[in-house]
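*Asks:* Pasting structure10.pdb here (PDB, C-alpha atoms):
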```pdb
ATOM      1  CA  MET A   1      36.808  32.277  10.179
ATOM      2  CA  THR A   2      34.872  32.730   6.993
ATOM      3  CA  THR A   3      35.020  28.980   6.335
ATOM      4  CA  PHE A   4      33.675  28.193   9.801
ATOM      5  CA  LYS A   5      30.737  30.586   9.388
ATOM      6  CA  THR A   6      29.828  29.064   6.030
ATOM      7  CA  LEU A   7      29.865  25.497   7.373
ATOM      8  CA  LEU A   8      27.859  26.398  10.456
ATOM      9  CA  SER A   9      25.293  28.264   8.388
ATOM     10  CA  ALA A  10      24.734  25.320   6.024
ATOM     11  CA  ALA A  11      24.403  22.843   8.889
ATOM     12  CA  THR A  12      22.015  25.114  10.767
ATOM     13  CA  LEU A  13      19.738  25.534   7.762
ATOM     14  CA  ALA A  14      19.634  21.770   7.173
ATOM     15  CA  LEU A  15      18.415  21.214  10.725
ATOM     16  CA  VAL A  16      16.049  24.145  11.149
ATOM     17  CA  LEU A  17      14.310  24.266   7.782
ATOM     18  CA  PRO A  18      12.132  21.165   7.137
ATOM     19  CA  LEU A  19      12.189  19.645   3.694
ATOM     20  CA  ALA A  20       9.415  20.811   1.382
ATOM     21  CA  ALA A  21       6.420  18.538   1.781
ATOM     22  CA  GLN A  22       5.502  17.021  -1.559
ATOM     23  CA  ALA A  23       3.047  14.222  -2.206
ATOM     24  CA  ALA A  24       4.753  11.184  -3.675
ATOM     25  CA  VAL A  25       4.581   7.404  -3.958
ATOM     26  CA  LEU A  26       5.779   6.305  -0.533
ATOM     27  CA  LYS A  27       5.647   2.542  -1.018
ATOM     28  CA  THR A  28       4.681   0.072  -3.710
ATOM     29  CA  ALA A  29       4.511  -3.708  -3.888
ATOM     30  CA  THR A  30       3.466  -6.278  -6.495
ATOM     31  CA  PHE A  31       2.230  -9.771  -5.669
ATOM     32  CA  ASP A  32       2.637 -12.197  -8.593
ATOM     33  CA  TYR A  33       0.525 -15.273  -7.905
ATOM     34  CA  GLY A  34       1.415 -18.845  -8.779
ATOM     35  CA  ASN A  35       3.601 -21.746  -7.748
ATOM     36  CA  GLY A  36       6.732 -20.698  -9.648
ATOM     37  CA  ALA A  37       9.912 -19.201  -8.259
ATOM     38  CA  GLY A  38       9.283 -15.830  -6.611
ATOM     39  CA  GLU A  39       5.494 -16.140  -6.948
ATOM     40  CA  VAL A  40       2.983 -15.929  -4.129
ATOM     41  CA  ASN A  41       0.543 -18.530  -2.834
ATOM     42  CA  PRO A  42      -1.954 -16.212  -1.103
ATOM     43  CA  ASN A  43      -3.976 -16.779   2.045
ATOM     44  CA  GLY A  44      -7.068 -18.895   1.518
ATOM     45  CA  ASP A  45      -8.010 -22.208  -0.075
ATOM     46  CA  ASP A  46      -8.085 -21.040  -3.703
ATOM     47  CA  PRO A  47      -6.011 -23.295  -6.003
ATOM     48  CA  VAL A  48      -2.772 -21.909  -7.415
ATOM     49  CA  GLY A  49      -1.568 -22.558 -10.972
ATOM     50  CA  SER A  50       1.690 -21.892 -12.786
ATOM     51  CA  ASN A  51       1.223 -18.088 -12.788
ATOM     52  CA  PHE A  52      -2.166 -17.409 -11.212
ATOM     53  CA  VAL A  53      -4.497 -18.045  -8.318
ATOM     54  CA  ARG A  54      -8.024 -19.188  -9.183
ATOM     55  CA  VAL A  55     -10.279 -17.001  -7.043
ATOM     56  CA  ARG A  56     -13.492 -18.898  -6.309
ATOM     57  CA  ASP A  57     -16.840 -17.979  -4.829
ATOM     58  CA  THR A  58     -17.898 -21.253  -3.246
ATOM     59  CA  SER A  59     -19.684 -19.771  -0.265
ATOM     60  CA  THR A  60     -21.641 -22.999   0.316
ATOM     61  CA  ALA A  61     -18.457 -24.994   0.974
ATOM     62  CA  THR A  62     -18.109 -25.661   4.694
ATOM     63  CA  GLY A  63     -14.929 -24.253   6.150
ATOM     64  CA  TYR A  64     -13.788 -22.732   2.846
ATOM     65  CA  ALA A  65     -11.281 -19.919   3.368
ATOM     66  CA  GLN A  66     -11.681 -17.220   0.730
ATOM     67  CA  PHE A  67      -8.832 -15.299  -0.878
ATOM     68  CA  ILE A  68      -7.357 -12.378   1.044
ATOM     69  CA  GLN A  69      -4.269 -10.319   0.251
ATOM     70  CA  ILE A  70      -2.817  -8.102   2.963
ATOM     71  CA  PHE A  71      -0.601  -5.219   1.854
ATOM     72  CA  ASP A  72       1.302  -3.993   4.903
ATOM     73  CA  PHE A  73       2.812  -0.513   5.162
ATOM     74  CA  THR A  74       3.514  -0.191   8.878
ATOM     75  CA  ASP A  75       6.979   1.110   7.961
ATOM     76  CA  LEU A  76       5.286   4.359   6.877
ATOM     77  CA  ALA A  77       4.177   5.227  10.414
ATOM     78  CA  GLY A  78       4.008   8.998  10.820
ATOM     79  CA  ALA A  79       3.488   9.673   7.115
ATOM     80  CA  THR A  80       0.408  11.424   5.747
ATOM     81  CA  ILE A  81      -1.432   8.965   3.491
ATOM     82  CA  ASP A  82      -3.478  10.650   0.754
ATOM     83  CA  SER A  83      -4.585   7.626  -1.276
ATOM     84  CA  ILE A  84      -3.823   4.008  -2.148
ATOM     85  CA  ASP A  85      -3.782   2.676  -5.715
ATOM     86  CA  VAL A  86      -4.632  -0.913  -6.613
ATOM     87  CA  VAL A  87      -3.984  -2.536 -10.009
ATOM     88  CA  LEU A  88      -5.253  -6.057 -10.794
ATOM     89  CA  ASN A  89      -4.381  -8.301 -13.758
ATOM     90  CA  TYR A  90      -6.882 -11.104 -14.307
ATOM     91  CA  THR A  91      -8.918 -13.130 -16.768
ATOM     92  CA  GLY A  92     -11.911 -15.452 -16.883
ATOM     93  CA  VAL A  93     -14.715 -13.180 -15.663
ATOM     94  CA  GLY A  94     -17.809 -14.213 -17.635
ATOM     95  CA  ASP A  95     -20.519 -11.905 -18.925
ATOM     96  CA  GLU A  96     -23.021 -13.392 -16.449
ATOM     97  CA  GLU A  97     -20.747 -13.013 -13.436
ATOM     98  CA  THR A  98     -20.760  -9.999 -11.102
ATOM     99  CA  TRP A  99     -17.373  -9.867  -9.408
ATOM    100  CA  ALA A 100     -16.061  -6.974  -7.335
ATOM    101  CA  ALA A 101     -12.744  -6.225  -5.653
ATOM    102  CA  ARG A 102     -13.415  -5.575  -1.975
ATOM    103  CA  VAL A 103     -11.272  -3.518   0.416
ATOM    104  CA  LEU A 104     -12.323  -4.406   3.946
ATOM    105  CA  GLY A 105     -13.672  -1.705   6.239
ATOM    106  CA  SER A 106     -13.700  -1.454  10.005
ATOM    107  CA  ASP A 107     -16.382  -4.070  10.750
ATOM    108  CA  ASN A 108     -15.349  -7.544   9.599
ATOM    109  CA  ALA A 109     -18.800  -8.926  10.380
ATOM    110  CA  VAL A 110     -20.537  -6.889   7.650
ATOM    111  CA  THR A 111     -19.859  -5.762   4.088
ATOM    112  CA  SER A 112     -21.737  -2.452   4.225
ATOM    113  CA  ASP A 113     -18.618  -0.476   5.157
ATOM    114  CA  ASP A 114     -16.319  -2.190   2.630
ATOM    115  CA  THR A 115     -15.162  -0.458  -0.556
ATOM    116  CA  PHE A 116     -16.261  -2.294  -3.720
ATOM    117  CA  THR A 117     -14.975  -1.880  -7.293
ATOM    118  CA  GLY A 118     -16.529  -3.988 -10.053
ATOM    119  CA  LEU A 119     -14.382  -6.240 -12.224
ATOM    120  CA  VAL A 120     -15.052  -5.946 -15.949
ATOM    121  CA  PHE A 121     -16.034  -8.819 -18.258
ATOM    122  CA  THR A 122     -12.948 -10.420 -19.784
ATOM    123  CA  GLY A 123     -13.920 -13.804 -21.226
ATOM    124  CA  PRO A 124     -10.663 -15.562 -22.171
ATOM    125  CA  ALA A 125      -8.785 -12.262 -22.566
ATOM    126  CA  THR A 126      -6.598 -10.674 -19.898
ATOM    127  CA  SER A 127      -7.754  -7.396 -18.394
ATOM    128  CA  THR A 128      -6.194  -4.775 -16.129
ATOM    129  CA  LEU A 129      -8.285  -2.946 -13.556
ATOM    130  CA  GLY A 130      -6.956  -0.004 -11.585
ATOM    131  CA  PHE A 131      -8.742   1.888  -8.834
ATOM    132  CA  THR A 132      -7.880   4.311  -6.044
ATOM    133  CA  ILE A 133      -9.223   4.558  -2.513
ATOM    134  CA  SER A 134      -9.028   7.764  -0.477
ATOM    135  CA  ALA A 135     -10.958   9.817   2.046
ATOM    136  CA  ALA A 136     -13.034  11.087  -0.880
ATOM    137  CA  SER A 137     -13.960   7.574  -2.013
ATOM    138  CA  ASP A 138     -14.962   6.644   1.547
ATOM    139  CA  LEU A 139     -17.245   9.680   1.662
ATOM    140  CA  ALA A 140     -18.734   9.032  -1.782
ATOM    141  CA  THR A 141     -19.572   5.388  -1.047
ATOM    142  CA  SER A 142     -20.298   5.627   2.707
ATOM    143  CA  SER A 143     -17.535   3.100   3.312
ATOM    144  CA  SER A 144     -14.460   2.977   5.522
ATOM    145  CA  GLY A 145     -12.054   0.967   3.368
ATOM    146  CA  PHE A 146      -9.500   3.775   3.142
ATOM    147  CA  ALA A 147      -9.873   4.974   6.731
ATOM    148  CA  GLU A 148      -9.460   1.442   8.074
ATOM    149  CA  SER A 149      -6.451   0.761   5.848
ATOM    150  CA  VAL A 150      -4.733   3.904   7.166
ATOM    151  CA  ALA A 151      -5.680   3.102  10.768
ATOM    152  CA  LEU A 152      -4.222  -0.414  10.501
ATOM    153  CA  ASN A 153      -1.349   0.536   8.167
ATOM    154  CA  GLN A 154      -2.430  -2.298   5.915
ATOM    155  CA  LEU A 155      -4.900  -2.791   3.080
ATOM    156  CA  ARG A 156      -6.931  -6.005   3.107
ATOM    157  CA  LEU A 157      -8.145  -7.055  -0.334
ATOM    158  CA  ARG A 158     -10.850  -9.636  -0.983
ATOM    159  CA  PHE A 159     -13.317 -10.382  -3.791
ATOM    160  CA  ARG A 160     -17.078 -10.831  -3.816
ATOM    161  CA  GLU A 161     -19.353 -12.399  -6.426
ATOM    162  CA  GLU A 162     -23.085 -11.672  -6.470
ATOM    163  CA  SER A 163     -24.413 -13.753  -9.389
ATOM    164  CA  PHE A 164     -25.895 -17.247  -9.210
ATOM    165  CA  GLY A 165     -23.717 -20.335  -9.201
ATOM    166  CA  ASP A 166     -20.198 -20.981  -7.998
ATOM    167  CA  ASP A 167     -17.978 -18.914 -10.283
ATOM    168  CA  ASP A 168     -14.256 -18.207 -10.444
ATOM    169  CA  PHE A 169     -11.592 -16.223 -12.301
ATOM    170  CA  ARG A 170      -7.814 -16.217 -12.617
ATOM    171  CA  LEU A 171      -5.881 -13.488 -10.815
ATOM    172  CA  PHE A 172      -2.321 -13.057 -12.103
ATOM    173  CA  SER A 173      -1.114 -10.173  -9.964
ATOM    174  CA  ALA A 174      -2.066  -7.350  -7.618
ATOM    175  CA  THR A 175      -0.032  -4.148  -7.310
ATOM    176  CA  PHE A 176      -0.435  -1.599  -4.523
ATOM    177  CA  ALA A 177       0.966   1.916  -4.136
ATOM    178  CA  VAL A 178       0.660   4.246  -1.139
ATOM    179  CA  ASN A 179       0.630   7.957  -2.006
ATOM    180  CA  GLY A 180       1.245  10.770   0.439
ATOM    181  CA  THR A 181       3.867  12.779   2.272
ATOM    182  CA  ALA A 182       6.660  11.258   4.323
ATOM    183  CA  ALA A 183       7.079  12.262   7.956
ATOM    184  CA  ALA A 184       9.012  15.540   8.255
ATOM    185  CA  PRO A 185      12.453  15.441   9.919
ATOM    186  CA  VAL A 186      12.408  16.548  13.565
ATOM    187  CA  PRO A 187      14.530  19.722  14.204
ATOM    188  CA  LEU A 188      17.150  19.588  16.943
ATOM    189  CA  PRO A 189      16.266  21.459  20.169
ATOM    190  CA  ALA A 190      18.218  24.585  21.166
ATOM    191  CA  SER A 191      20.729  22.525  23.186
ATOM    192  CA  GLY A 192      21.456  20.475  20.096
ATOM    193  CA  MET A 193      22.118  23.619  18.074
ATOM    194  CA  LEU A 194      24.607  24.883  20.704
ATOM    195  CA  LEU A 195      26.403  21.549  20.654
ATOM    196  CA  LEU A 196      26.612  21.648  16.863
ATOM    197  CA  GLY A 197      28.124  25.151  16.991
ATOM    198  CA  ALA A 198      30.707  24.065  19.593
ATOM    199  CA  LEU A 199      31.737  21.034  17.555
ATOM    200  CA  GLY A 200      32.058  23.173  14.439
ATOM    201  CA  GLY A 201      34.246  25.667  16.285
ATOM    202  CA  VAL A 202      36.557  22.932  17.587
ATOM    203  CA  ALA A 203      36.918  21.512  14.079
ATOM    204  CA  ALA A 204      37.794  24.939  12.669
ATOM    205  CA  ILE A 205      40.465  25.528  15.372
ATOM    206  CA  ARG A 206      42.065  22.160  14.652
ATOM    207  CA  ARG A 207      42.230  22.931  10.941
ATOM    208  CA  ARG A 208      43.954  26.287  11.644
ATOM    209  CA  ARG A 209      46.504  24.629  13.941
ATOM    210  CA  LYS A 210      47.356  22.008  11.308
ATOM    211  CA  ALA A 211      47.725  24.748   8.678
ATOM    212  CA  ALA A 212      50.134  26.606  10.974
TER
END
```
Just dump the structure as structure tokens.
*Replies:*
Amino acid sequence: MTTFKTLLSAATLALVLPLAAQAAVLKTATFDYGNGAGEVNPNGDDPVGSNFVRVRDTSTATGYAQFIQIFDFTDLAGATIDSIDVVLNYTGVGDEETWAARVLGSDNAVTSDDTFTGLVFTGPATSTLGFTISAASDLATSSSGFAESVALNQLRLRFREESFGDDDFRLFSATFAVNGTAAAPVPLPASGMLLLGALGGVAAIRRRRKAA
């Protein structure tokens, strides 16, 4: 009887007490651009090289489809999303170019609600840029990039260039990470608890009969 009580107690606690909610990295993904094995040719008309995509700002080109990378996390439905990290590896941003990474907001027709983060000058060197979007960043910049990403369960990344001329740079990779708390397990209702107790009792009786 002691064994049965111990087993039932452990099972009951596992169902009734939710796991401690701790913020963690819930999902991460890296997109390596290029035309090699396992590399990604992203959406848009930007040319792809051996290990990069050449992101261009040729806004005067008729019908030109600009780069866009969609990071989907619909499998995290029900989770609490605290923030999303983005890390970019790139090169070729000149000192007279003004490039920015752009997370799209709720209105696709305007840029005023997008979240912008400036790319640093690299010249021929390779640079890494990391930034985080959250409810706080939306509030600080009067944007909705984070709120829209959470609402859609996907982050939509683009780039924007504000200087004169048609400029470009090489993007090697983009890494995304969703931070937050996973959905808590749902406790069984009272009827489920009674069923669990009955099944445990039957199992204990069978063990005693076999022992006899």
*Asks:* Have a look at A:Arg160, A:Ser144, A:Phe73, A:Gly44 and name the one nearest to Lys27 of chain A; count all atoms listed in the file.
*Replies:*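 The answer is A:Phe73, which sits nearest to Lys27 of chain A.
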*Asks:* Using atom CA of Leu26 of chain A and atom CA of Ala140 of chain A as the two end points, give the distance in Å to one decimal.
*Replies:*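 These atoms are spaced 24.7 Å apart.
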*Asks:* Run the PyMOL selection byres ((chain A and resi 80) around 12) against the file shown and list the residues it catches, as number ranges by chain.
*Replies:* A: 21-26, 76-79, 81-84, 134, 150-151, 153, 178-184
*Asks:* Given all atoms listed in the file as the basis, pick out the residue of A:Arg158, A:Tyr90, A:Asp75, A:Thr126 nearest to Leu104 of chain A.
*Replies:* A:Arg158
*Asks:* For the atom pair atom CA of Thr111 of chain A and atom CA of Ile70 of chain A, what is the interatomic distance in Å to one decimal place?
*Replies:* 17.2 Å
*Asks:* From the set A:Asp168, A:Leu119, A:Ala177, A:Asn89, which residue has the shortest atom-to-atom contact distance to Gln66 of chain A, counting all atoms listed in the file?
*Replies:*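 So, comparing all the options, the nearest one is A:Asp168.
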*Asks:* Tell me which residues the PyMOL selection byres ((chain A and resi 155) around 6) grabs here, as a list in words.
*Replies:*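 Taken on the displayed file, the PyMOL selection byres ((chain A and resi 155) around 6) yields the residues Ile70, Phe71, Ser149, Gln154 and Arg156 of chain A.
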*Asks:* Go ahead and write the selection's residues with C-alpha atoms as a PDB file, keeping the file's coordinate frame.
*Replies:*
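After the write, result-v4.pdb holds the following:
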```pdb
ATOM      1  CA  ILE A  70      -2.817  -8.102   2.963  1.00  0.00           C
ATOM      2  CA  PHE A  71      -0.601  -5.219   1.854  1.00  0.00           C
ATOM      3  CA  SER A 149      -6.451   0.761   5.848  1.00  0.00           C
ATOM      4  CA  GLN A 154      -2.430  -2.298   5.915  1.00  0.00           C
ATOM      5  CA  ARG A 156      -6.931  -6.005   3.107  1.00  0.00           C
TER       6      ARG A 156
END
```
*Asks:* Which of these residues is nearest to Val110 of chain A, using only C-alpha atoms: A:Arg170, A:Asn41, A:Ser143, A:Thr58?
*Replies:*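 Under the stated criterion, the closest residue is A:Ser143.
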*Asks:* Which residues, protein or nucleic acid, reach to within 12 Å of (-14.0, -7.4, -21.1) in the file's coordinates when using only C-alpha atoms, and can you give that as number ranges by chain?
*Replies:* A: 90-97, 118-129
*Asks:* Can you write out the residues you just picked, keeping C-alpha atoms, as an mmCIF file, in the coordinates of the input?
*Replies:*
```cif
data_model
loop_
_atom_site.group_PDB
_atom_site.id
_atom_site.type_symbol
_atom_site.label_atom_id
_atom_site.label_comp_id
_atom_site.auth_asym_id
_atom_site.auth_seq_id
_atom_site.Cartn_x
_atom_site.Cartn_y
_atom_site.Cartn_z
ATOM 1 C CA TYR A 90 -6.882 -11.104 -14.307
ATOM 2 C CA THR A 91 -8.918 -13.130 -16.768
ATOM 3 C CA GLY A 92 -11.911 -15.452 -16.883
ATOM 4 C CA VAL A 93 -14.715 -13.180 -15.663
ATOM 5 C CA GLY A 94 -17.809 -14.213 -17.635
ATOM 6 C CA ASP A 95 -20.519 -11.905 -18.925
ATOM 7 C CA GLU A 96 -23.021 -13.392 -16.449
ATOM 8 C CA GLU A 97 -20.747 -13.013 -13.436
ATOM 9 C CA GLY A 118 -16.529 -3.988 -10.053
ATOM 10 C CA LEU A 119 -14.382 -6.240 -12.224
ATOM 11 C CA VAL A 120 -15.052 -5.946 -15.949
ATOM 12 C CA PHE A 121 -16.034 -8.819 -18.258
ATOM 13 C CA THR A 122 -12.948 -10.420 -19.784
ATOM 14 C CA GLY A 123 -13.920 -13.804 -21.226
ATOM 15 C CA PRO A 124 -10.663 -15.562 -22.171
ATOM 16 C CA ALA A 125 -8.785 -12.262 -22.566
ATOM 17 C CA THR A 126 -6.598 -10.674 -19.898
ATOM 18 C CA SER A 127 -7.754 -7.396 -18.394
ATOM 19 C CA THR A 128 -6.194 -4.775 -16.129
ATOM 20 C CA LEU A 129 -8.285 -2.946 -13.556
#
```
*Asks:* Quick one, how far is atom CA of Ala109 of chain A from atom CA of Glu161 of chain A?
*Replies:*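 That distance, rounded to one decimal, is 17.2 Å.
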*Asks:* Taking into account only C-alpha atoms, which residue in the set A:Asn51, A:Thr175, A:Thr117, A:Thr132 is nearest to Thr30 of chain A?
*Replies:*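 Between A:Asn51, A:Thr175, A:Thr117, A:Thr132, the residue approaching Thr30 of chain A most closely is A:Thr175.
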*Asks:* Near Tyr33 of chain A, within 8 Å and counting all atoms listed in the file, which residues show up once chain neighbours fewer than 4 positions away are dropped, as a ChimeraX atom specification?
*Replies:* /A:39-42,48,51-53,171-173
*Asks:* Between A:Ala174, A:Thr115, A:Gly165, A:Val55, single out the one closest to Phe31 of chain A, counting only C-alpha atoms.
*Replies:* A:Ala174
